[in-house]
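**Student:** Structure supplied as start39.cif; contents: mmCIF, C-alpha atoms and all ligand atoms.
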data_upload
loop_
_atom_site.label_atom_id
_atom_site.label_comp_id
_atom_site.auth_asym_id
_atom_site.auth_seq_id
_atom_site.Cartn_x
_atom_site.Cartn_y
_atom_site.Cartn_z
CA LEU A 1 0.00 0.00 0.00
CA PRO A 2 1.22 3.52 -0.80
CA ALA A 3 2.09 5.89 2.05
CA ASP A 4 -1.21 7.82 1.88
CA PHE A 5 -3.20 4.60 2.29
CA GLN A 6 -0.80 3.34 4.94
CA ALA A 7 -1.37 6.44 7.04
CA ALA A 8 -5.14 5.93 6.86
CA LEU A 9 -4.94 2.23 7.68
CA PRO A 10 -5.73 2.64 11.41
CA VAL A 11 -9.03 4.25 10.38
CA LEU A 12 -10.02 1.19 8.36
CA GLU A 13 -8.92 -1.14 11.14
CA LYS A 14 -10.89 0.70 13.79
CA ILE A 15 -14.07 0.57 11.71
CA GLU A 16 -13.56 -3.16 11.12
CA GLN A 17 -12.94 -3.79 14.82
CA ALA A 18 -16.34 -2.24 15.46
CA GLY A 19 -17.81 -4.90 13.16
CA PHE A 20 -18.21 -2.97 9.90
CA GLU A 21 -16.53 -2.99 6.50
CA ALA A 22 -14.33 -0.18 5.22
CA TYR A 23 -12.40 0.34 1.96
CA PHE A 24 -10.41 2.89 0.03
CA VAL A 25 -12.46 3.92 -3.01
CA GLY A 26 -12.70 6.32 -5.94
CA GLY A 27 -10.01 8.45 -7.54
CA SER A 28 -7.24 7.56 -5.09
CA VAL A 29 -7.52 3.86 -5.94
CA ARG A 30 -7.53 4.61 -9.66
CA ASP A 31 -4.54 6.91 -9.41
CA HIS A 32 -2.62 4.52 -7.16
CA ILE A 33 -3.01 1.66 -9.64
CA LEU A 34 -1.92 3.96 -12.46
CA GLY A 35 1.13 4.95 -10.44
CA LEU A 36 0.00 8.58 -10.32
CA PRO A 37 0.28 10.82 -7.26
CA ILE A 38 -2.70 10.52 -4.94
CA HIS A 39 -4.63 13.45 -3.57
CA ASP A 40 -7.44 13.00 -1.03
CA VAL A 41 -7.96 9.42 0.06
CA ASP A 42 -11.69 8.55 0.17
CA ILE A 43 -12.98 5.85 2.49
CA ALA A 44 -16.30 4.04 2.05
CA THR A 45 -17.92 2.01 4.81
CA SER A 46 -20.91 -0.14 5.70
CA ALA A 47 -21.27 1.79 8.97
CA TYR A 48 -23.93 4.51 9.07
CA PRO A 49 -22.81 8.06 9.88
CA GLU A 50 -24.14 7.81 13.45
CA GLU A 51 -22.17 4.60 13.90
CA ILE A 52 -18.97 6.23 12.59
CA LYS A 53 -19.46 9.05 15.06
CA LYS A 54 -19.57 6.53 17.90
CA ILE A 55 -16.34 4.87 16.78
CA PHE A 56 -14.21 8.03 16.58
CA ARG A 57 -13.73 10.68 19.21
CA ARG A 58 -13.37 13.72 16.92
CA THR A 59 -15.67 13.96 13.91
CA VAL A 60 -17.22 16.65 11.73
CA ASP A 61 -20.58 16.32 9.94
CA THR A 62 -19.26 17.30 6.50
CA GLY A 63 -22.17 16.07 4.43
CA ILE A 64 -24.05 13.89 6.79
CA GLN A 65 -27.25 13.78 4.72
CA HIS A 66 -25.18 12.20 1.92
CA GLY A 67 -23.42 9.95 4.41
CA THR A 68 -20.10 11.78 4.73
CA VAL A 69 -18.42 12.29 8.08
CA THR A 70 -14.90 13.65 8.48
CA VAL A 71 -12.79 11.91 11.09
CA LEU A 72 -9.96 13.86 12.72
CA ILE A 73 -6.94 11.96 13.99
CA ASP A 74 -3.95 13.96 15.22
CA ASP A 75 -3.40 16.50 12.45
CA ASP A 76 -4.99 14.44 9.70
CA SER A 77 -8.57 14.26 8.50
CA TYR A 78 -10.33 11.51 6.57
CA GLU A 79 -13.62 11.65 4.69
CA ILE A 80 -15.66 8.56 5.40
CA THR A 81 -18.80 7.95 3.38
CA THR A 82 -21.43 5.34 4.07
CA PHE A 83 -22.18 2.91 1.21
CA ARG A 84 -25.18 4.34 -0.57
CA THR A 85 -27.43 4.04 -3.56
CA GLU A 86 -29.07 6.93 -5.32
CA SER A 87 -32.47 7.06 -6.93
CA GLY A 88 -34.99 9.22 -8.71
CA TYR A 89 -32.88 11.52 -10.84
CA GLN A 90 -35.88 13.41 -12.19
CA ASP A 91 -33.96 16.49 -13.28
CA TYR A 92 -30.95 14.80 -14.92
CA ARG A 93 -28.68 16.03 -12.13
CA ARG A 94 -28.94 15.31 -8.43
CA PRO A 95 -30.63 12.22 -7.07
CA ASP A 96 -33.90 12.85 -5.23
CA LYS A 97 -33.02 10.26 -2.70
CA VAL A 98 -29.90 8.80 -1.15
CA THR A 99 -30.26 5.47 0.62
CA PHE A 100 -27.60 4.08 2.93
CA VAL A 101 -26.85 0.42 2.26
CA ARG A 102 -24.61 -2.24 3.77
CA SER A 103 -23.23 -3.65 0.51
CA LEU A 104 -20.02 -2.43 -1.12
CA GLU A 105 -21.15 -3.71 -4.50
CA ASP A 106 -24.28 -1.56 -4.44
CA ASP A 107 -22.14 1.46 -3.64
CA LEU A 108 -19.68 0.74 -6.46
CA LYS A 109 -22.58 0.29 -8.88
CA ARG A 110 -23.70 3.92 -8.52
CA ARG A 111 -20.27 5.27 -9.47
CA ASP A 112 -19.72 6.81 -12.87
CA PHE A 113 -16.96 4.87 -14.64
CA THR A 114 -15.47 1.42 -14.17
CA ILE A 115 -12.04 2.94 -13.43
CA ASN A 116 -13.67 4.92 -10.60
CA ALA A 117 -15.56 1.94 -9.23
CA LEU A 118 -12.64 0.05 -7.67
CA ALA A 119 -12.10 -0.49 -3.97
CA VAL A 120 -9.05 -1.57 -1.96
CA ASP A 121 -9.23 -3.31 1.41
CA LYS A 122 -6.81 -2.98 4.30
CA ASN A 123 -4.59 -5.75 2.94
CA GLY A 124 -4.25 -4.09 -0.44
CA ASN A 125 -6.66 -6.47 -2.20
CA VAL A 126 -8.49 -4.79 -5.08
CA ILE A 127 -12.25 -5.33 -5.33
CA ASP A 128 -13.13 -5.07 -8.99
CA LYS A 129 -16.79 -5.79 -9.75
CA PHE A 130 -16.98 -4.07 -13.14
CA ASP A 131 -13.68 -4.92 -14.84
CA GLY A 132 -12.21 -1.57 -13.93
CA LEU A 133 -8.72 -3.07 -13.80
CA LYS A 134 -8.99 -4.29 -17.35
CA ASP A 135 -10.20 -0.87 -18.48
CA LEU A 136 -7.35 0.81 -16.61
CA ASP A 137 -5.00 -1.52 -18.42
CA ASN A 138 -6.53 -0.78 -21.80
CA LYS A 139 -6.87 2.93 -21.05
CA ILE A 140 -10.62 2.98 -21.47
CA ILE A 141 -13.34 5.11 -19.92
CA ARG A 142 -16.49 3.04 -19.73
CA ALA A 143 -19.70 3.81 -17.87
CA VAL A 144 -20.70 1.41 -15.10
CA GLY A 145 -23.81 -0.36 -16.36
CA LYS A 146 -25.91 1.13 -19.19
CA ALA A 147 -24.24 4.34 -20.29
CA GLU A 148 -27.49 5.87 -21.53
CA GLU A 149 -29.17 5.42 -18.14
CA ARG A 150 -26.15 6.68 -16.27
CA PHE A 151 -26.09 9.92 -18.25
CA HIS A 152 -29.84 10.33 -17.75
CA GLU A 153 -29.27 10.07 -14.01
CA ASP A 154 -26.57 12.71 -14.03
CA ALA A 155 -25.66 14.52 -17.24
CA LEU A 156 -22.49 15.96 -15.71
CA ARG A 157 -20.95 12.51 -16.09
CA MET A 158 -20.62 13.21 -19.83
CA MET A 159 -18.29 16.10 -19.01
CA ARG A 160 -16.46 13.96 -16.49
CA ALA A 161 -15.84 11.37 -19.22
CA VAL A 162 -14.00 13.82 -21.48
CA ARG A 163 -12.25 15.38 -18.49
CA PHE A 164 -10.83 12.01 -17.38
CA GLN A 165 -9.94 11.30 -20.99
CA ALA A 166 -7.80 14.46 -21.02
CA GLN A 167 -6.28 13.86 -17.59
CA LEU A 168 -5.41 10.22 -18.18
CA ASN A 169 -4.99 10.18 -21.95
CA PHE A 170 -7.59 7.39 -22.19
CA LYS A 171 -10.21 6.65 -24.85
CA VAL A 172 -13.94 6.76 -24.26
CA GLU A 173 -15.33 3.29 -25.02
CA ALA A 174 -17.64 3.12 -28.06
CA LYS A 175 -21.01 2.58 -26.34
CA THR A 176 -20.22 5.18 -23.73
CA ALA A 177 -19.21 7.61 -26.47
CA LYS A 178 -22.39 6.93 -28.43
CA ALA A 179 -24.49 7.54 -25.34
CA ILE A 180 -22.75 10.90 -24.88
CA ALA A 181 -23.37 11.87 -28.49
CA ASP A 182 -27.04 10.85 -28.15
CA ASN A 183 -27.58 12.67 -24.85
CA ALA A 184 -25.38 15.75 -25.16
CA PRO A 185 -28.44 18.10 -25.02
CA LEU A 186 -29.00 17.01 -21.41
CA LEU A 187 -25.94 19.05 -20.51
CA SER A 188 -28.15 22.15 -20.59
CA LYS A 189 -29.77 20.84 -17.38
CA ILE A 190 -26.51 21.14 -15.47
CA ALA A 191 -25.40 24.23 -13.54
CA ILE A 192 -22.73 26.10 -15.47
CA GLU A 193 -20.39 26.16 -12.47
CA ARG A 194 -20.20 22.38 -12.48
CA ILE A 195 -19.67 22.18 -16.25
CA ARG A 196 -16.99 24.86 -15.99
CA GLU A 197 -15.12 22.98 -13.29
CA GLU A 198 -14.84 19.89 -15.51
CA PHE A 199 -14.08 21.91 -18.64
CA VAL A 200 -11.24 23.83 -16.98
CA LYS A 201 -9.79 20.61 -15.55
CA LEU A 202 -9.94 19.17 -19.07
CA LEU A 203 -8.06 22.08 -20.63
CA LEU A 204 -5.43 22.17 -17.90
CA SER A 205 -4.59 18.51 -18.45
CA ARG A 206 -1.55 17.18 -20.23
CA SER A 207 -3.64 15.47 -22.92
CA TRP A 208 -6.15 18.28 -23.29
CA LYS A 209 -6.27 17.95 -27.06
CA THR A 210 -7.69 14.42 -26.86
CA GLY A 211 -10.33 15.53 -24.37
CA LEU A 212 -11.21 18.65 -26.33
CA ALA A 213 -11.44 16.70 -29.59
CA ASP A 214 -14.13 14.44 -28.11
CA PHE A 215 -15.85 17.31 -26.30
CA LEU A 216 -16.35 18.77 -29.80
CA LYS A 217 -16.90 15.56 -31.75
CA LEU A 218 -19.51 14.18 -29.34
CA GLY A 219 -21.41 17.46 -29.48
CA LEU A 220 -21.05 18.50 -25.84
CA SER A 221 -19.75 21.91 -26.87
CA GLU A 222 -23.06 22.73 -28.56
CA TYR A 223 -24.72 22.95 -25.13
CA CYS A 224 -22.18 25.23 -23.47
CA PRO A 225 -22.43 29.04 -23.35
CA GLY A 226 -21.01 30.72 -26.45
CA PHE A 227 -20.03 27.44 -28.12
CA LYS A 228 -23.10 26.78 -30.25
CA ASP A 229 -22.08 26.31 -33.93
CA GLN A 230 -18.46 27.12 -32.99
CA ALA A 231 -16.94 23.65 -33.21
CA ILE A 232 -14.78 24.59 -36.21
CA GLU A 233 -13.43 27.70 -34.50
CA LEU A 234 -12.80 25.82 -31.26
CA GLY A 235 -11.16 23.09 -33.31
CA GLU A 236 -8.41 25.57 -34.18
CA LEU A 237 -7.08 24.97 -30.69
CA LEU A 238 -6.33 21.42 -31.74
CA ILE A 239 -3.85 22.59 -34.35
CA SER A 240 -2.08 25.05 -32.03
CA LYS A 241 1.40 24.15 -30.75
CA ASP A 242 1.57 21.21 -28.38
CA LEU A 243 1.96 23.12 -25.16
CA THR A 244 0.15 22.78 -21.85
CA PHE A 245 -1.82 25.78 -20.64
CA ILE A 246 -0.28 27.63 -17.70
CA ASP A 247 -3.49 28.42 -15.84
CA GLU A 248 -7.23 28.89 -16.14
CA ASP A 249 -6.79 32.51 -17.25
CA GLU A 250 -4.81 31.39 -20.27
CA THR A 251 -7.34 28.73 -21.27
CA TRP A 252 -10.12 31.34 -21.44
CA ALA A 253 -7.93 33.80 -23.34
CA ALA A 254 -7.13 31.05 -25.85
CA ILE A 255 -10.82 30.40 -26.34
CA GLY A 256 -11.57 34.11 -26.72
CA TYR A 257 -8.82 34.20 -29.33
CA VAL A 258 -10.03 31.35 -31.53
CA LEU A 259 -13.66 32.48 -31.21
CA ASN A 260 -12.48 35.87 -32.40
CA LEU A 261 -14.33 37.74 -29.65
CA ASN A 262 -13.90 41.46 -29.10
CA HIS A 263 -13.51 42.86 -25.60
CA SER A 264 -17.18 43.24 -24.76
CA GLU A 265 -18.19 39.95 -26.38
CA PHE A 266 -15.46 38.19 -24.43
CA ASN A 267 -16.54 39.88 -21.22
CA LYS A 268 -20.10 38.67 -21.73
CA PHE A 269 -18.86 35.20 -22.60
CA LEU A 270 -16.87 34.97 -19.36
CA ARG A 271 -19.85 36.20 -17.36
CA ASP A 272 -22.05 33.55 -18.99
CA TRP A 273 -19.57 30.91 -17.82
CA LYS A 274 -19.64 32.52 -14.37
CA VAL A 275 -15.89 32.76 -14.29
CA SER A 276 -14.60 34.48 -11.12
CA ASN A 277 -13.95 38.23 -11.36
CA LYS A 278 -10.24 37.75 -10.82
CA VAL A 279 -9.92 35.19 -13.61
CA ARG A 280 -12.19 37.22 -15.87
CA GLU A 281 -10.05 40.31 -15.54
CA ALA A 282 -6.77 38.47 -16.16
CA SER A 283 -8.26 36.64 -19.16
CA LEU A 284 -9.62 39.86 -20.67
CA ASN A 285 -6.30 41.65 -20.29
CA THR A 286 -4.38 38.68 -21.62
CA LEU A 287 -6.50 38.53 -24.75
CA THR A 288 -6.13 42.29 -25.24
CA LEU A 289 -2.35 41.89 -25.02
CA VAL A 290 -2.38 39.02 -27.50
CA HIS A 291 -4.28 41.20 -29.96
CA LEU A 292 -1.84 44.09 -29.44
CA PHE A 293 1.20 41.87 -30.00
CA GLU A 294 -0.41 40.29 -33.01
CA ASN A 295 -0.64 43.80 -34.46
CA ARG A 296 2.98 44.49 -33.58
CA ASN A 297 2.04 46.99 -30.89
CA PHE A 298 4.54 46.69 -28.05
CA ASP A 299 3.82 49.99 -26.34
CA LEU A 300 5.19 49.70 -22.79
CA TRP A 301 2.57 51.98 -21.28
CA ASN A 302 -0.19 49.75 -22.72
CA ILE A 303 1.49 46.62 -21.44
CA TYR A 304 1.94 48.19 -18.00
CA LYS A 305 -1.69 49.30 -17.86
CA LEU A 306 -2.88 45.82 -18.77
CA GLY A 307 -0.75 44.34 -15.99
CA THR A 308 2.83 43.12 -16.42
CA ASP A 309 1.72 40.03 -14.47
CA ASN A 310 -0.16 38.95 -17.57
CA LEU A 311 2.92 39.02 -19.78
CA THR A 312 4.26 35.49 -19.21
CA ARG A 313 0.85 34.05 -19.93
CA THR A 314 0.38 36.26 -22.98
CA ILE A 315 3.73 35.31 -24.46
CA HIS A 316 3.01 31.64 -23.84
CA LEU A 317 -0.33 31.95 -25.61
CA CYS A 318 1.28 33.80 -28.53
CA GLN A 319 3.73 30.92 -28.87
CA MET A 320 0.90 28.42 -28.86
CA GLN A 321 -0.87 30.37 -31.58
CA ASN A 322 2.27 30.86 -33.65
CA ILE A 323 2.21 34.64 -33.22
CA GLU A 324 5.88 35.43 -33.71
CA PHE A 325 8.05 38.29 -32.48
CA ASP A 326 11.17 38.76 -30.37
CA TYR A 327 9.87 37.53 -27.01
CA THR A 328 13.15 37.92 -25.12
CA ASP A 329 13.60 41.48 -26.23
CA LEU A 330 10.10 42.36 -25.04
CA GLN A 331 10.55 40.53 -21.74
CA GLU A 332 13.79 42.40 -21.10
CA LYS A 333 12.13 45.74 -21.77
CA VAL A 334 9.20 44.95 -19.49
CA ALA A 335 11.50 43.64 -16.75
CA LYS A 336 13.06 47.09 -16.64
CA ILE A 337 9.78 48.69 -15.59
CA SER A 338 10.47 49.38 -11.93
CA ILE A 339 6.89 49.89 -10.68
CA LYS A 340 3.80 47.69 -10.64
CA ASN A 341 1.25 50.46 -10.11
CA ALA A 342 0.85 54.05 -8.98
CA ARG A 343 1.18 53.02 -5.33
CA ASP A 344 4.85 52.22 -5.99
CA LEU A 345 5.68 55.83 -6.94
CA ALA A 346 8.40 57.37 -4.78
CA LEU A 347 6.31 60.53 -4.67
CA SER A 348 2.91 61.02 -3.04
CA GLY A 349 0.12 63.39 -4.06
CA LYS A 350 1.04 65.52 -1.07
CA ASP A 351 4.69 65.66 -2.25
CA ILE A 352 3.58 66.80 -5.68
CA SER A 353 1.40 69.51 -4.24
CA ASP A 354 4.29 70.73 -2.09
CA ILE A 355 6.81 70.64 -4.94
CA LEU A 356 4.56 72.46 -7.40
CA GLY A 357 3.04 74.70 -4.77
CA VAL A 358 -0.50 73.92 -5.90
CA LYS A 359 -3.58 72.95 -3.91
CA PRO A 360 -4.89 69.36 -4.11
CA GLY A 361 -6.97 69.04 -7.29
CA PRO A 362 -7.03 67.56 -10.79
CA ILE A 363 -3.58 68.94 -11.54
CA ILE A 364 -2.06 66.56 -8.97
CA GLY A 365 -3.66 63.53 -10.60
CA LYS A 366 -2.45 64.64 -14.00
CA SER A 367 1.12 65.09 -12.75
CA MET A 368 0.94 61.71 -11.07
CA SER A 369 0.13 59.85 -14.29
CA GLN A 370 2.68 61.97 -16.13
CA ILE A 371 5.51 60.79 -13.90
CA GLU A 372 4.09 57.25 -13.76
CA ARG A 373 4.27 57.08 -17.53
CA ALA A 374 7.73 58.62 -17.62
CA ILE A 375 8.97 55.93 -15.22
CA VAL A 376 7.36 53.13 -17.23
CA GLU A 377 8.86 54.43 -20.46
CA GLY A 378 12.27 54.69 -18.83
CA ASN A 379 12.57 58.48 -19.01
CA VAL A 380 13.11 59.00 -15.30
CA SER A 381 13.95 56.72 -12.40
CA ASN A 382 11.66 56.20 -9.45
CA ASN A 383 13.38 58.16 -6.70
CA PHE A 384 12.30 61.31 -4.93
CA ASP A 385 14.97 63.69 -6.20
CA ASP A 386 14.83 62.62 -9.84
CA LEU A 387 11.05 62.78 -9.84
CA ARG A 388 11.07 66.20 -8.20
CA HIS A 389 13.47 67.46 -10.83
CA TYR A 390 11.44 65.88 -13.62
CA LEU A 391 8.26 67.50 -12.31
CA LEU A 392 9.75 70.97 -12.07
CA SER A 393 11.28 70.82 -15.54
CA ASN A 394 8.18 69.36 -17.26
CA GLN A 395 5.45 71.67 -16.05
P1 LIG B 401 -10.34 13.62 -8.89
O1 LIG B 401 -8.98 13.17 -9.22
O2 LIG B 401 -10.78 14.75 -9.76
O3 LIG B 401 -10.61 13.87 -7.44
P2 LIG B 401 -12.17 11.49 -8.53
O4 LIG B 401 -12.44 10.26 -9.33
O5 LIG B 401 -11.68 11.30 -7.13
O6 LIG B 401 -11.22 12.40 -9.38
P3 LIG B 401 -14.31 12.95 -7.35
O7 LIG B 401 -15.21 13.98 -7.96
O8 LIG B 401 -13.40 13.33 -6.25
O9 LIG B 401 -13.50 12.32 -8.55
O10 LIG B 401 -15.27 11.76 -6.88
C1 LIG B 401 -14.83 10.66 -6.13
C2 LIG B 401 -15.53 9.39 -6.63
O11 LIG B 401 -16.94 9.53 -6.50
C3 LIG B 401 -15.29 9.10 -8.11
O12 LIG B 401 -14.11 8.35 -8.30
C4 LIG B 401 -16.53 8.30 -8.44
O13 LIG B 401 -16.41 6.95 -8.00
C5 LIG B 401 -17.60 8.97 -7.61
N1 LIG B 401 -18.30 10.07 -8.34
C6 LIG B 401 -17.98 11.38 -8.33
N2 LIG B 401 -18.83 12.10 -9.08
C7 LIG B 401 -19.73 11.23 -9.58
C8 LIG B 401 -20.86 11.34 -10.44
N3 LIG B 401 -21.24 12.52 -10.93
N4 LIG B 401 -21.53 10.21 -10.74
C9 LIG B 401 -21.15 9.01 -10.23
N5 LIG B 401 -20.10 8.83 -9.45
C10 LIG B 401 -19.38 9.91 -9.12
MG MG B 402 -11.34 12.92 -5.71
#
As structure tokens, please, write out the structure in this file.

**Tutor:**
Amino acid sequence: LPADFQAALPVLEKIEQAGFEAYFVGGSVRDHILGLPIHDVDIATSAYPEEIKKIFRRTVDTGIQHGTVTVLIDDDSYEITTFRTESGYQDYRRPDKVTFVRSLEDDLKRRDFTINALAVDKNGNVIDKFDGLKDLDNKIIRAVGKAEERFHEDALRMMRAVRFQAQLNFKVEAKTAKAIADNAPLLSKIAIERIREEFVKLLLSRSWKTGLADFLKLGLSEYCPGFKDQAIELGELLISKDLTFIDEDETWAAIGYVLNLNHSEFNKFLRDWKVSNKVREASLNTLTLVHLFENRNFDLWNIYKLGTDNLTRTIHLCQMQNIEFDYTDLQEKVAKISIKNARDLALSGKDISDILGVKPGPIIGKSMSQIERAIVEGNVSNNFDDLRHYLLSNQ
């Protein structure tokens, strides 16, 4: 057993000593078998939440109505979820009813893909009821049970399929793929935040092109904001250079670029996807910079105003899109800009008013941006005396 499982072993043992079953399940099992790094270890058990709370001294009711209790031991915490079945997915998303059960197999049956439906016991034995090991071996994403039904229960699973495809560089098995193509419209039932989370994970993966290709081919894109009838444009991403996106901000800027959106269209697009304000702003400025560079506009004041923090990302995106210019030269020039924003000026508004002998007013603000720009363009350095001199001689 890997170290993460080893550390959690006493939890499994304690549950078993109390007369219940407990296993490692889900993504950590899949990733362990693939030899990938494990993040959060999930534990599933036959014990009901109230029973788990009796076994451990320190617990938190994380999602007790869904059967999840967090157990705290020393400085570690473990999420323990009672075996459950789900029923009555009337709205193609969440189940109407969660039922706690005592059988591991029933719990594994409700999971999305065979590779996610494996369990490991305390001795390291793998419980594989749906040939998940074989699919892991053959690099296949296959729905547990009838794919069509599984996507009717929860349409988000279609997005999860292409996301795992991108993360693992697997193929979606034929029947599962057909069921996605047939049921793609159900994606419109799913909250955009949940679709976005899967979509961003897909694009930030190593094999994002494989995942994106199926996202387009299977028609999922048609039911996402701003993507209707845009499969050809989005497909341009597939012929960009084989680089991995740096961050979420870059993925959106890349999409804005191939969709050929102007600033206000792109802003609306990002709002429709409910992207966070921080990401939205960085993506908007990045795309603006890409457009400037594409038009051979390397004005330092522009670049500074749009945020020098966006430069690395912008240059990376330009490389992906084969927009060519002397990157190093530009980076060197920008690196010489000694301030990040007006707060870094070595002169305050009060200083300016003293130096020029004028009362606070619009003139101060104007002088401020004048010296800010002079610093950015390398015409004066950011220290009190030089700025004072510059101010007096440029009135
Ligand atoms: P990640 O590496 O992203 O954490 P994961 O497989 O652990 O991948 P989670 O969303 O953390 O994914 O879910 C944990 C497990 O719960 C999955 O492995 C799967 O067995 C099950 N699961 C999660 N979401 C769904 C879903 N929408 N439908 C069915 N089973 C699901
Ligand atoms: Mg997980």

**Student:** Would you please work out which residue, of A:Phe113, A:Ala161, A:Gly132, A:Ala191, is nearest to Gly211 (chain A) when using all atoms listed in the file?

**Tutor:**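 Nearest to Gly211 (chain A): A:Ala161.
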
**Student:** Compare A:Leu204, A:Val144, A:Ile180, A:Ile246 by their minimum atom-to-atom distance to ligand LIG 401 (chain B), counting all atoms listed in the file, and give me the closest one.

**Tutor:** A:Val144

**Student:** Go through the chains and note each residue within 7 Å of ligand MG 402 (chain B), using all atoms listed in the file, then give the set as a compact mmCIF listing (two decimals) with C-alpha atoms, keeping the file's coordinate frame.

**Tutor:**
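pocket.txt, freshly written:
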# COMPACT_ATOMS: atom_id res chain seq x y z
CA GLY A 26 -12.70 6.32 -5.94
CA GLY A 27 -10.01 8.45 -7.54
CA SER A 28 -7.24 7.56 -5.09
CA ASP A 40 -7.44 13.00 -1.03

**Student:** Report the closest atom pair, with its distance in Å rounded to one decimal, for each residue of chain A that has an atom no farther than 6 Å from ligand LIG 401 (chain B); count only C-alpha atoms and all ligand atoms, sort by chain and then rising residue number, and write it as JSON lines.

**Tutor:**
{"residue": "A:Gly26", "atom": "CA", "partner": "B:LIG401", "partner_atom": "O12", "distance": 3.4}
{"residue": "A:Gly27", "atom": "CA", "partner": "B:LIG401", "partner_atom": "O5", "distance": 3.3}
{"residue": "A:Arg110", "atom": "CA", "partner": "B:LIG401", "partner_atom": "C9", "distance": 5.9}
{"residue": "A:Arg111", "atom": "CA", "partner": "B:LIG401", "partner_atom": "N5", "distance": 3.6}
{"residue": "A:Asp112", "atom": "CA", "partner": "B:LIG401", "partner_atom": "C9", "distance": 3.7}
{"residue": "A:Asn116", "atom": "CA", "partner": "B:LIG401", "partner_atom": "O12", "distance": 4.2}
{"residue": "A:Ala117", "atom": "CA", "partner": "B:LIG401", "partner_atom": "O13", "distance": 5.2}
{"residue": "A:Arg157", "atom": "CA", "partner": "B:LIG401", "partner_atom": "N3", "distance": 5.2}

**Student:** For CA of Val376 (chain A) and CA of Ile303 (chain A), determine how far apart the two atoms are, in Å to one decimal place.

**Tutor:**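 Separation between CA of Val376 (chain A) and CA of Ile303 (chain A): 9.7 Å.
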
**Student:** Restricting the calculation to all atoms listed in the file: of A:Arg271, A:Asp386, A:Lys228, A:Asp121, which residue gets closest to Ile192 (chain A)?

**Tutor:** A:Arg271

**Student:** Give me the residues within 12 Å of Glu236 (chain A) as an mmCIF file with C-alpha atoms, keeping the file's coordinate frame, counting all atoms listed in the file and dropping any in the same chain fewer than 3 places off.

**Tutor:**
data_model
loop_
_atom_site.group_PDB
_atom_site.id
_atom_site.type_symbol
_atom_site.label_atom_id
_atom_site.label_comp_id
_atom_site.auth_asym_id
_atom_site.auth_seq_id
_atom_site.Cartn_x
_atom_site.Cartn_y
_atom_site.Cartn_z
ATOM 1 C CA LYS A 209 -6.270 17.950 -27.060
ATOM 2 C CA LEU A 212 -11.210 18.650 -26.330
ATOM 3 C CA ALA A 213 -11.440 16.700 -29.590
ATOM 4 C CA LEU A 216 -16.350 18.770 -29.800
ATOM 5 C CA GLN A 230 -18.460 27.120 -32.990
ATOM 6 C CA ALA A 231 -16.940 23.650 -33.210
ATOM 7 C CA ILE A 232 -14.780 24.590 -36.210
ATOM 8 C CA GLU A 233 -13.430 27.700 -34.500
ATOM 9 C CA ILE A 239 -3.850 22.590 -34.350
ATOM 10 C CA SER A 240 -2.080 25.050 -32.030
ATOM 11 C CA LYS A 241 1.400 24.150 -30.750
ATOM 12 C CA ALA A 254 -7.130 31.050 -25.850
ATOM 13 C CA ILE A 255 -10.820 30.400 -26.340
ATOM 14 C CA GLY A 256 -11.570 34.110 -26.720
ATOM 15 C CA TYR A 257 -8.820 34.200 -29.330
ATOM 16 C CA VAL A 258 -10.030 31.350 -31.530
ATOM 17 C CA LEU A 259 -13.660 32.480 -31.210
ATOM 18 C CA ASN A 260 -12.480 35.870 -32.400
ATOM 19 C CA MET A 320 0.900 28.420 -28.860
ATOM 20 C CA GLN A 321 -0.870 30.370 -31.580
ATOM 21 C CA ASN A 322 2.270 30.860 -33.650
#

**Student:** Which residues are close to region 51-62 of chain A, i.e. within 12 Å by all atoms listed in the file, leaving aside same-chain residues fewer than 6 positions away? Reply as a compact mmCIF listing (two decimals) with C-alpha atoms, keeping the file's coordinate frame.

**Tutor:**
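Here's the written file result.txt:
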# COMPACT_ATOMS: atom_id res chain seq x y z
CA PRO A 10 -5.73 2.64 11.41
CA VAL A 11 -9.03 4.25 10.38
CA LEU A 12 -10.02 1.19 8.36
CA GLU A 13 -8.92 -1.14 11.14
CA LYS A 14 -10.89 0.70 13.79
CA ILE A 15 -14.07 0.57 11.71
CA GLU A 16 -13.56 -3.16 11.12
CA GLN A 17 -12.94 -3.79 14.82
CA ALA A 18 -16.34 -2.24 15.46
CA GLY A 19 -17.81 -4.90 13.16
CA PHE A 20 -18.21 -2.97 9.90
CA GLU A 21 -16.53 -2.99 6.50
CA ALA A 22 -14.33 -0.18 5.22
CA ILE A 43 -12.98 5.85 2.49
CA ALA A 44 -16.30 4.04 2.05
CA THR A 45 -17.92 2.01 4.81
CA THR A 68 -20.10 11.78 4.73
CA VAL A 69 -18.42 12.29 8.08
CA THR A 70 -14.90 13.65 8.48
CA VAL A 71 -12.79 11.91 11.09
CA LEU A 72 -9.96 13.86 12.72
CA ILE A 73 -6.94 11.96 13.99
CA ASP A 74 -3.95 13.96 15.22
CA ASP A 75 -3.40 16.50 12.45
CA ASP A 76 -4.99 14.44 9.70
CA SER A 77 -8.57 14.26 8.50
CA TYR A 78 -10.33 11.51 6.57
CA GLU A 79 -13.62 11.65 4.69
CA ILE A 80 -15.66 8.56 5.40
CA THR A 81 -18.80 7.95 3.38
CA THR A 82 -21.43 5.34 4.07

**Student:** One number please: CA of Lys336 (chain A) to CA of Glu377 (chain A), in Å, one decimal.

**Tutor:**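 Interatomic distance here is 9.3 Å.
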
**Student:** Neighbouring residues of Leu330 (chain A) were defined as those with any atom within 12 Å, considering only C-alpha atoms; residues of the same chain fewer than 6 positions away were excluded. Please report them as a list in words.

**Tutor:**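 In the requested form, the answer reads Phe293, Arg296, Asn297, Phe298, Asp299, Leu300, Ile303, Thr308, Leu311, Thr312, Thr314, Ile315, Glu324, Lys336 and Ile337 of chain A.
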